[in-house]
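File shown: structure10.pdb. Contents: PDB, C-alpha atoms.
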```pdb
ATOM      1  CA  MET A 165      -8.019 -28.273   2.538
ATOM      2  CA  SER A 166      -9.536 -24.821   2.496
ATOM      3  CA  GLY A 167      -7.841 -21.690   3.782
ATOM      4  CA  THR A 168      -4.624 -19.925   2.892
ATOM      5  CA  SER A 169      -0.941 -20.565   3.451
ATOM      6  CA  ALA A 170      -0.363 -17.144   5.016
ATOM      7  CA  CYS A 171       1.818 -16.695   8.092
ATOM      8  CA  PRO A 172       0.115 -15.968  11.453
ATOM      9  CA  GLY A 173      -0.828 -12.307  11.702
ATOM     10  CA  CYS A 174      -0.467 -11.818   7.934
ATOM     11  CA  PRO A 175      -1.538  -8.290   6.951
ATOM     12  CA  GLU A 176      -1.947  -9.210   3.277
ATOM     13  CA  ASN A 177      -4.596 -11.762   4.252
ATOM     14  CA  MET A 178      -6.380  -9.020   6.199
ATOM     15  CA  ALA A 179      -6.102  -6.584   3.297
ATOM     16  CA  MET A 180      -7.430  -9.185   0.842
ATOM     17  CA  ARG A 181     -10.517  -9.908   2.973
ATOM     18  CA  MET A 182     -11.200  -6.174   3.129
ATOM     19  CA  LEU A 183     -10.730  -5.947  -0.649
ATOM     20  CA  GLY A 184     -13.617  -8.372  -1.065
ATOM     21  CA  MET A 185     -15.763  -6.340   1.318
ATOM     22  CA  GLY A 186     -15.014  -3.149  -0.595
ATOM     23  CA  LEU A 187     -15.163  -4.256  -4.204
ATOM     24  CA  GLY A 188     -17.684  -7.088  -4.088
ATOM     25  CA  LYS A 189     -18.204  -9.016  -7.305
ATOM     26  CA  ASP A 190     -17.244  -8.415 -10.936
ATOM     27  CA  ILE A 191     -13.500  -7.981 -10.467
ATOM     28  CA  ALA A 192     -10.516  -9.946 -11.723
ATOM     29  CA  LEU A 193      -7.246  -9.998  -9.780
ATOM     30  CA  ILE A 194      -3.831  -9.593 -11.339
ATOM     31  CA  VAL A 195      -1.459 -10.727  -8.587
ATOM     32  CA  VAL A 196       2.101  -9.501  -9.037
ATOM     33  CA  ALA A 197       4.789 -11.898  -7.786
ATOM     34  CA  GLY A 198       5.049 -11.814  -4.002
ATOM     35  CA  CYS A 199       3.592 -13.278  -0.814
ATOM     36  CA  SER A 200       0.054 -13.203  -2.219
ATOM     37  CA  SER A 201       1.145 -15.442  -5.087
ATOM     38  CA  VAL A 202       1.787 -18.131  -2.466
ATOM     39  CA  ILE A 203      -0.959 -17.309   0.047
ATOM     40  CA  GLN A 204      -3.759 -18.106  -2.400
ATOM     41  CA  GLY A 205      -2.881 -21.830  -2.427
ATOM     42  CA  LEU A 206      -2.157 -24.298  -5.216
ATOM     43  CA  ALA A 207      -3.670 -24.233  -8.710
ATOM     44  CA  PRO A 208      -6.229 -24.923 -10.088
ATOM     45  CA  LYS A 209      -8.077 -23.547  -7.035
ATOM     46  CA  ASN A 210      -7.422 -20.407  -5.013
ATOM     47  CA  SER A 211      -8.679 -19.053  -1.696
ATOM     48  CA  TYR A 212      -9.475 -15.550  -2.992
ATOM     49  CA  ASN A 213     -12.761 -16.510  -4.701
ATOM     50  CA  TYR A 214     -11.917 -14.324  -7.693
ATOM     51  CA  PRO A 215     -10.499 -15.068 -11.134
ATOM     52  CA  VAL A 216      -6.742 -14.644 -10.673
ATOM     53  CA  VAL A 217      -3.869 -14.068 -13.075
ATOM     54  CA  ASN A 218      -0.486 -14.577 -11.433
ATOM     55  CA  ILE A 219       2.062 -12.464 -13.267
ATOM     56  CA  ALA A 220       5.726 -11.495 -13.250
ATOM     57  CA  PHE A 221       6.942  -8.504 -11.217
ATOM     58  CA  ALA A 222       6.983  -5.908 -13.992
ATOM     59  CA  ALA A 223       3.952  -7.091 -15.981
ATOM     60  CA  GLY A 224       0.978  -6.359 -13.687
ATOM     61  CA  PRO A 225      -0.204  -2.973 -15.007
ATOM     62  CA  ALA A 226       0.336  -3.969 -18.647
ATOM     63  CA  THR A 227      -1.636  -7.190 -18.160
ATOM     64  CA  ALA A 228      -4.455  -5.334 -16.413
ATOM     65  CA  SER A 229      -4.510  -2.751 -19.219
ATOM     66  CA  GLY A 230      -5.033  -5.462 -21.807
ATOM     67  CA  MET A 231      -7.684  -7.177 -19.716
ATOM     68  CA  ALA A 232      -9.609  -3.909 -19.237
ATOM     69  CA  ARG A 233      -9.727  -3.356 -22.994
ATOM     70  CA  ALA A 234     -10.729  -6.979 -23.646
ATOM     71  CA  TYR A 235     -13.577  -6.850 -21.127
ATOM     72  CA  LYS A 236     -14.782  -3.571 -22.636
ATOM     73  CA  ALA A 237     -14.694  -5.019 -26.162
ATOM     74  CA  ARG A 238     -16.883  -7.899 -24.967
ATOM     75  CA  ASN A 239     -19.234  -5.590 -23.021
ATOM     76  CA  ARG A 240     -18.254  -7.256 -19.760
ATOM     77  CA  ASN A 241     -18.566  -5.123 -16.630
ATOM     78  CA  VAL A 242     -15.457  -6.523 -14.926
ATOM     79  CA  VAL A 243     -12.834  -4.346 -13.206
ATOM     80  CA  PRO A 244      -9.219  -5.554 -13.387
ATOM     81  CA  VAL A 245      -7.475  -5.051 -10.038
ATOM     82  CA  VAL A 246      -3.697  -5.203  -9.769
ATOM     83  CA  TRP A 247      -2.544  -6.488  -6.373
ATOM     84  CA  ALA A 248       1.156  -5.753  -5.888
ATOM     85  CA  GLY A 249       3.708  -5.405  -3.118
ATOM     86  CA  ASP A 250       6.001  -2.443  -2.585
ATOM     87  CA  GLY A 251       8.919  -4.145  -4.357
ATOM     88  CA  GLY A 252       6.793  -4.859  -7.416
ATOM     89  CA  THR A 253       5.571  -1.258  -7.353
ATOM     90  CA  ALA A 254       8.332   1.064  -6.150
ATOM     91  CA  ASP A 255      11.155  -0.826  -7.843
ATOM     92  CA  ILE A 256      10.776  -3.610 -10.394
ATOM     93  CA  GLY A 257       7.323  -2.706 -11.671
ATOM     94  CA  PHE A 258       7.488   1.080 -11.535
ATOM     95  CA  ALA A 259       7.962   1.676 -15.272
ATOM     96  CA  SER A 260       4.847  -0.252 -16.282
ATOM     97  CA  LEU A 261       2.902   1.314 -13.382
ATOM     98  CA  SER A 262       3.848   4.801 -14.546
ATOM     99  CA  GLY A 263       2.994   3.958 -18.153
ATOM    100  CA  ALA A 264      -0.472   2.638 -17.288
ATOM    101  CA  ALA A 265      -1.138   5.701 -15.123
ATOM    102  CA  GLU A 266      -0.001   8.066 -17.882
ATOM    103  CA  ARG A 267      -2.422   6.346 -20.282
ATOM    104  CA  ASN A 268      -5.157   6.571 -17.616
ATOM    105  CA  GLU A 269      -6.025   2.899 -18.063
ATOM    106  CA  ASP A 270      -9.358   1.910 -16.542
ATOM    107  CA  ILE A 271      -7.977  -0.263 -13.736
ATOM    108  CA  ILE A 272      -7.561  -0.266  -9.960
ATOM    109  CA  TYR A 273      -4.016  -0.652  -8.637
ATOM    110  CA  VAL A 274      -3.653  -1.722  -4.990
ATOM    111  CA  VAL A 275      -0.254  -1.670  -3.273
ATOM    112  CA  VAL A 276       0.149  -3.807  -0.158
ATOM    113  CA  ASP A 277       3.148  -2.090   1.406
ATOM    114  CA  ASN A 278       5.102  -4.109   3.977
ATOM    115  CA  GLU A 279       8.161  -1.966   3.270
ATOM    116  CA  ALA A 280      10.511  -4.740   2.096
ATOM    117  CA  TYR A 281      10.757  -7.817  -0.120
ATOM    118  CA  MET A 282       9.211 -10.087   2.527
ATOM    119  CA  ASN A 283       8.499 -13.092   0.309
ATOM    120  CA  THR A 284      12.238 -13.632  -0.187
ATOM    121  CA  GLY A 285      13.145 -13.186   3.463
ATOM    122  CA  GLY A 286      12.995  -9.433   4.051
ATOM    123  CA  HIS A 287      15.283  -7.460   1.758
ATOM    124  CA  LYS A 288      15.326  -3.670   1.313
ATOM    125  CA  SER A 289      12.938  -2.128  -1.173
ATOM    126  CA  GLY A 290      12.449   1.450  -2.308
ATOM    127  CA  SER A 291       9.663   1.604   0.264
ATOM    128  CA  THR A 292      11.833   0.624   3.252
ATOM    129  CA  PRO A 293      12.059   3.518   5.735
ATOM    130  CA  LEU A 294      15.159   5.205   7.103
ATOM    131  CA  GLY A 295      16.792   3.285   9.956
ATOM    132  CA  ALA A 296      15.011  -0.020   9.341
ATOM    133  CA  TYR A 297      16.893  -3.302   9.534
ATOM    134  CA  THR A 298      16.570  -5.706   6.603
ATOM    135  CA  LEU A 299      18.789  -8.546   5.413
ATOM    136  CA  THR A 300      20.433  -6.159   2.955
ATOM    137  CA  THR A 301      20.569  -3.202   5.375
ATOM    138  CA  PRO A 302      21.865  -4.873   8.578
ATOM    139  CA  GLU A 303      22.924  -1.510  10.039
ATOM    140  CA  GLY A 304      19.646   0.143   9.079
ATOM    141  CA  LYS A 305      18.663   1.771   5.793
ATOM    142  CA  LYS A 306      20.295   5.166   5.230
ATOM    143  CA  GLN A 307      17.637   6.711   2.977
ATOM    144  CA  ASN A 308      13.974   7.642   3.373
ATOM    145  CA  LYS A 309      11.337   5.590   1.598
ATOM    146  CA  LYS A 310      10.143   6.482  -1.877
ATOM    147  CA  ASN A 311       6.869   8.355  -1.542
ATOM    148  CA  LEU A 312       4.734   6.608  -4.119
ATOM    149  CA  PRO A 313       1.344   8.257  -3.404
ATOM    150  CA  PHE A 314       2.826  11.698  -4.123
ATOM    151  CA  ILE A 315       4.458  10.372  -7.291
ATOM    152  CA  MET A 316       1.089   9.029  -8.448
ATOM    153  CA  ILE A 317      -0.593  12.365  -7.707
ATOM    154  CA  GLU A 318       1.883  13.930 -10.160
ATOM    155  CA  HIS A 319       0.539  11.573 -12.850
ATOM    156  CA  ASN A 320      -2.782  13.474 -12.716
ATOM    157  CA  ILE A 321      -4.856  10.318 -12.371
ATOM    158  CA  PRO A 322      -8.484  10.500 -11.161
ATOM    159  CA  TYR A 323      -7.995   8.891  -7.750
ATOM    160  CA  VAL A 324      -5.126   8.336  -5.291
ATOM    161  CA  ALA A 325      -5.709   7.115  -1.739
ATOM    162  CA  THR A 326      -3.772   5.731   1.205
ATOM    163  CA  ALA A 327      -5.089   3.230   3.733
ATOM    164  CA  SER A 328      -4.020   0.985   6.608
ATOM    165  CA  VAL A 329      -5.202  -2.476   7.635
ATOM    166  CA  GLY A 330      -5.542  -0.990  11.123
ATOM    167  CA  TYR A 331      -8.542   1.045   9.925
ATOM    168  CA  PRO A 332     -10.733  -1.344   7.891
ATOM    169  CA  HIS A 333     -13.731   0.965   7.408
ATOM    170  CA  ASP A 334     -11.573   3.710   5.916
ATOM    171  CA  TYR A 335      -9.890   1.246   3.532
ATOM    172  CA  ILE A 336     -13.166  -0.422   2.514
ATOM    173  CA  GLU A 337     -14.892   2.906   1.831
ATOM    174  CA  LYS A 338     -11.998   4.013  -0.371
ATOM    175  CA  LEU A 339     -12.222   0.762  -2.335
ATOM    176  CA  ARG A 340     -15.966   1.291  -2.838
ATOM    177  CA  LYS A 341     -15.385   4.820  -4.052
ATOM    178  CA  ALA A 342     -12.601   3.698  -6.408
ATOM    179  CA  LYS A 343     -14.886   1.140  -8.054
ATOM    180  CA  GLN A 344     -17.333   3.900  -9.007
ATOM    181  CA  ILE A 345     -14.645   6.015 -10.708
ATOM    182  CA  SER A 346     -13.420   5.545 -14.280
ATOM    183  CA  GLY A 347      -9.752   5.669 -15.230
ATOM    184  CA  PHE A 348      -6.623   4.788 -13.278
ATOM    185  CA  ARG A 349      -7.208   4.425  -9.536
ATOM    186  CA  TYR A 350      -4.355   3.918  -7.078
ATOM    187  CA  ILE A 351      -4.743   2.759  -3.452
ATOM    188  CA  HIS A 352      -1.676   2.336  -1.224
ATOM    189  CA  VAL A 353      -2.286   0.179   1.861
ATOM    190  CA  LEU A 354       0.163  -0.104   4.766
ATOM    191  CA  THR A 355       0.477  -3.783   5.738
ATOM    192  CA  PRO A 356       2.882  -4.277   8.677
ATOM    193  CA  ASP A 357       4.641  -7.632   8.460
ATOM    194  CA  PRO A 358       5.171  -9.286  11.881
ATOM    195  CA  TYR A 359       8.279 -11.184  10.814
ATOM    196  CA  GLY A 360      10.039  -8.555   8.748
ATOM    197  CA  TRP A 361       9.127  -5.787  11.199
ATOM    198  CA  MET A 362       9.854  -8.057  14.191
ATOM    199  CA  PHE A 363       6.779  -7.806  16.390
ATOM    200  CA  ASP A 364       4.388 -10.384  17.816
ATOM    201  CA  PRO A 365       1.916 -11.618  15.139
ATOM    202  CA  SER A 366      -1.027 -10.817  17.431
ATOM    203  CA  ARG A 367      -0.207  -7.090  17.153
ATOM    204  CA  THR A 368      -0.560  -6.538  13.383
ATOM    205  CA  ALA A 369      -3.662  -4.339  13.620
ATOM    206  CA  GLU A 370      -2.206  -2.443  16.591
ATOM    207  CA  VAL A 371       1.022  -1.617  14.738
ATOM    208  CA  ALA A 372      -0.971  -0.576  11.662
ATOM    209  CA  LYS A 373      -2.942   1.835  13.859
ATOM    210  CA  LEU A 374       0.198   3.193  15.530
ATOM    211  CA  ALA A 375       1.602   4.091  12.109
ATOM    212  CA  VAL A 376      -1.401   6.365  11.568
ATOM    213  CA  GLN A 377      -1.661   7.680  15.130
ATOM    214  CA  THR A 378       2.002   8.760  15.146
ATOM    215  CA  CYS A 379       1.475  10.375  11.704
ATOM    216  CA  TYR A 380       4.116   8.135  10.127
ATOM    217  CA  TRP A 381       1.436   7.002   7.667
ATOM    218  CA  PRO A 382      -0.952   9.747   6.486
ATOM    219  CA  LEU A 383      -4.439   8.688   5.448
ATOM    220  CA  PHE A 384      -5.860  10.780   2.620
ATOM    221  CA  GLU A 385      -7.649  10.842  -0.720
ATOM    222  CA  TYR A 386      -6.778  12.886  -3.784
ATOM    223  CA  GLU A 387      -9.693  12.890  -6.177
ATOM    224  CA  ASN A 388      -9.685  14.947  -9.389
ATOM    225  CA  GLY A 389      -7.271  17.488  -7.951
ATOM    226  CA  LYS A 390      -8.932  17.751  -4.531
ATOM    227  CA  LEU A 391      -7.257  16.581  -1.328
ATOM    228  CA  LYS A 392      -9.173  15.193   1.637
ATOM    229  CA  ILE A 393      -7.425  14.168   4.861
ATOM    230  CA  SER A 394      -9.142  11.138   6.394
ATOM    231  CA  ASP A 395     -10.692  11.620   9.824
ATOM    232  CA  GLU A 396      -8.171   9.262  11.443
ATOM    233  CA  SER A 397      -5.312  11.557  10.388
ATOM    234  CA  LEU A 398      -6.774  15.004  11.070
ATOM    235  CA  HIS A 399      -4.892  15.271  14.374
ATOM    236  CA  CYS A 400      -1.628  15.230  12.405
ATOM    237  CA  LEU A 401      -2.296  18.657  10.925
ATOM    238  CA  ASP A 402      -1.197  20.153  14.253
ATOM    239  CA  LYS A 403       2.194  18.943  15.526
ATOM    240  CA  ARG A 404       1.025  19.458  19.105
ATOM    241  CA  THR A 405      -1.598  16.717  18.799
ATOM    242  CA  ARG A 406       0.585  14.093  17.145
ATOM    243  CA  ARG A 407       1.449  10.937  19.049
ATOM    244  CA  PRO A 408       5.233  10.506  19.538
ATOM    245  CA  LEU A 409       6.916   8.610  16.708
ATOM    246  CA  ARG A 410       8.810   6.475  19.230
ATOM    247  CA  ASP A 411       5.531   4.777  20.181
ATOM    248  CA  PHE A 412       5.546   3.309  16.665
ATOM    249  CA  LEU A 413       9.271   2.584  16.406
ATOM    250  CA  SER A 414       9.627   0.968  19.830
ATOM    251  CA  VAL A 415       7.288  -1.967  19.141
ATOM    252  CA  GLN A 416       9.359  -3.130  16.138
ATOM    253  CA  GLY A 417      12.640  -5.004  16.262
ATOM    254  CA  ARG A 418      13.636  -3.685  12.841
ATOM    255  CA  PHE A 419      14.419  -0.297  14.418
ATOM    256  CA  LYS A 420      16.584  -1.722  17.190
ATOM    257  CA  ARG A 421      19.742  -0.149  15.736
ATOM    258  CA  ILE A 422      18.288   3.238  14.839
ATOM    259  CA  THR A 423      20.305   6.163  16.188
ATOM    260  CA  GLU A 424      19.053   9.357  17.821
ATOM    261  CA  GLU A 425      20.155  11.268  14.744
ATOM    262  CA  GLU A 426      18.199   8.923  12.470
ATOM    263  CA  VAL A 427      15.079   9.237  14.623
ATOM    264  CA  LYS A 428      15.317  12.999  14.207
ATOM    265  CA  MET A 429      15.801  12.596  10.444
ATOM    266  CA  LEU A 430      12.745  10.350  10.283
ATOM    267  CA  GLU A 431      10.709  12.895  12.249
ATOM    268  CA  ASN A 432      11.825  15.614   9.826
ATOM    269  CA  TYR A 433      10.797  13.415   6.912
ATOM    270  CA  ILE A 434       7.327  12.970   8.427
ATOM    271  CA  ASP A 435       7.075  16.719   8.985
ATOM    272  CA  SER A 436       7.898  17.249   5.317
ATOM    273  CA  LEU A 437       5.141  14.829   4.263
ATOM    274  CA  TRP A 438       2.583  16.808   6.193
ATOM    275  CA  GLU A 439       3.894  20.103   4.876
ATOM    276  CA  LYS A 440       3.373  18.808   1.328
ATOM    277  CA  LEU A 441      -0.131  17.641   2.150
ATOM    278  CA  MET A 442      -1.024  20.975   3.728
ATOM    279  CA  LYS A 443       0.356  22.795   0.708
ATOM    280  CA  LEU A 444      -1.824  20.682  -1.602
ATOM    281  CA  TYR A 445      -4.827  21.464   0.582
ATOM    282  CA  GLU A 446      -4.103  25.198   0.662
ATOM    283  CA  ASN A 447      -3.607  25.381  -3.108
ATOM    284  CA  GLN A 448      -7.090  24.011  -3.758
ATOM    285  CA  SER A 449      -8.846  26.507  -1.452
TER     286      SER A 449
END
```
I'd like the structure from this file rewritten - as structure tokens, please.
Amino acid sequence: MSGTSACPGCPENMAMRMLGMGLGKDIALIVVAGCSSVIQGLAPKNSYNYPVVNIAFAAGPATASGMARAYKARNRNVVPVVWAGDGGTADIGFASLSGAAERNEDIIYVVVDNEAYMNTGGHKSGSTPLGAYTLTTPEGKKQNKKNLPFIMIEHNIPYVATASVGYPHDYIEKLRKAKQISGFRYIHVLTPDPYGWMFDPSRTAEVAKLAVQTCYWPLFEYENGKLKISDESLHCLDKRTRRPLRDFLSVQGRFKRITEEEVKMLENYIDSLWEKLMKLYENQS
């Protein structure tokens, strides 16, 4: 039967449909081990309508690098696109990601960030935020998440962008732009997971929007050394116009044990993100 084996409200399914809208034809997917390895269905067919290589956690960027060179050698205009979760990016696959970025390989790398290892039941990853419950942090994680977009900016690659499945047009436009750029392109998409984050599956898009509206998740592009804040995040530049963070935290069961002190720490972390972004913007003026 046609369709996917995704859970109800699956944000990765949403992000994959938008990927098709943004990138169109002439791409090949390298799917790093995770939910999307299962969602696509059983071989020899898949529901993504693209050529797909399913690969081990740490091998995605290296595989894509080889594919890009092979397509170029055969004069094939095909863009390899790595599709990886936060665990396969922030943790297990980070070394090969960093290596491919340093070499400026001609590939697109898309992170679908649900902030935990959801395919194995919801375990902490380097992208899990402070205070969040997971199976391996039952009292709430005690550290802030690893800020991968800023780390990728430090690699001096041509294009870094963040997106959210709550704002499809922004995400799709960034994909279209990335396809027109040569070199290593990195797009980090927030994909709230209803089961790991503990909210009703009908609210996936709403939670993804709240992350942006409360400034928890900045939307921006960094292209050839120039920063652009996306329209949906411009209100975050002034603390007085930011929506309260609690509006985002309160709709998720994973923050049910967060303390007042941790909420304040998380707010300070978000403030620091925006200070870094503003500093990048000021330095280019």
Quick one: contact table of segment 311-382 of chain A to segment 222-235 of chain A, 12 Å max, nearest atom pair and distance in Å to one decimal per residue, counting all atoms listed in the file, chain and number order, as JSON lines?
```
{"residue": "A:Ser346", "atom": "CA", "partner": "A:Ala232", "partner_atom": "CA", "distance": 11.3}
{"residue": "A:Gly347", "atom": "CA", "partner": "A:Ala232", "partner_atom": "CA", "distance": 10.4}
{"residue": "A:Phe348", "atom": "CA", "partner": "A:Ser229", "partner_atom": "CA", "distance": 9.8}
{"residue": "A:Arg349", "atom": "CA", "partner": "A:Pro225", "partner_atom": "CA", "distance": 11.6}
{"residue": "A:Tyr350", "atom": "CA", "partner": "A:Pro225", "partner_atom": "CA", "distance": 11.3}
```
Keeping only C-alpha atoms, write the selected residues as a PDB file, in the frame of the given file.
```pdb
ATOM      1  CA  SER A 346     -13.420   5.545 -14.280  1.00  0.00           C
ATOM      2  CA  GLY A 347      -9.752   5.669 -15.230  1.00  0.00           C
ATOM      3  CA  PHE A 348      -6.623   4.788 -13.278  1.00  0.00           C
ATOM      4  CA  ARG A 349      -7.208   4.425  -9.536  1.00  0.00           C
ATOM      5  CA  TYR A 350      -4.355   3.918  -7.078  1.00  0.00           C
TER       6      TYR A 350
END
```
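With only C-alpha atoms as the atoms that count, the minimum distance from Thr368 of chain A to the choices A:Leu354, A:Ala325, A:Ala248, A:Leu299 is reached by A:Leu354.
By chain and then residue number, the residues within 8 Å of segment 425-439 of chain A are Leu294, Gly295, Asn308, Cys379, Tyr380, Pro382, Cys400, Leu401, Leu409, Ile422, Met442 and Lys443 of chain A, counting all atoms listed in the file and disregarding those fewer than 3 positions away in sequence.
Here the PyMOL selection byres ((chain A and resi 253-265) around 6) captures the residues A:Phe221, A:Ala222, A:Pro225, A:Asp250, A:Gly251, A:Gly252, A:Glu266, A:Arg267, A:Asn268, A:Glu269, A:Gly290, A:Phe348.
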List as a PyMOL selection string: which residues have an atom within 8 Å of (-5.8, -2.3, 6.7), counting all atoms listed in the file? chain A and resi 175+178-179+182+327-332+335+353-355+369+372
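Proximity ranking of A:Thr301, A:Asn388, A:Thr292, A:Ser397 relative to Pro322 of chain A places A:Asn388 first, based on all atoms listed in the file.
Going from atom CA of Met282 of chain A over to atom CA of Ser201 of chain A, you cover 12.3 Å.
Atom CA of Ser169 of chain A sits 21.6 Å away from atom CA of Val245 of chain A.
Between atom CA of Ala197 of chain A and atom CA of Pro172 of chain A lies a distance of 20.2 Å.
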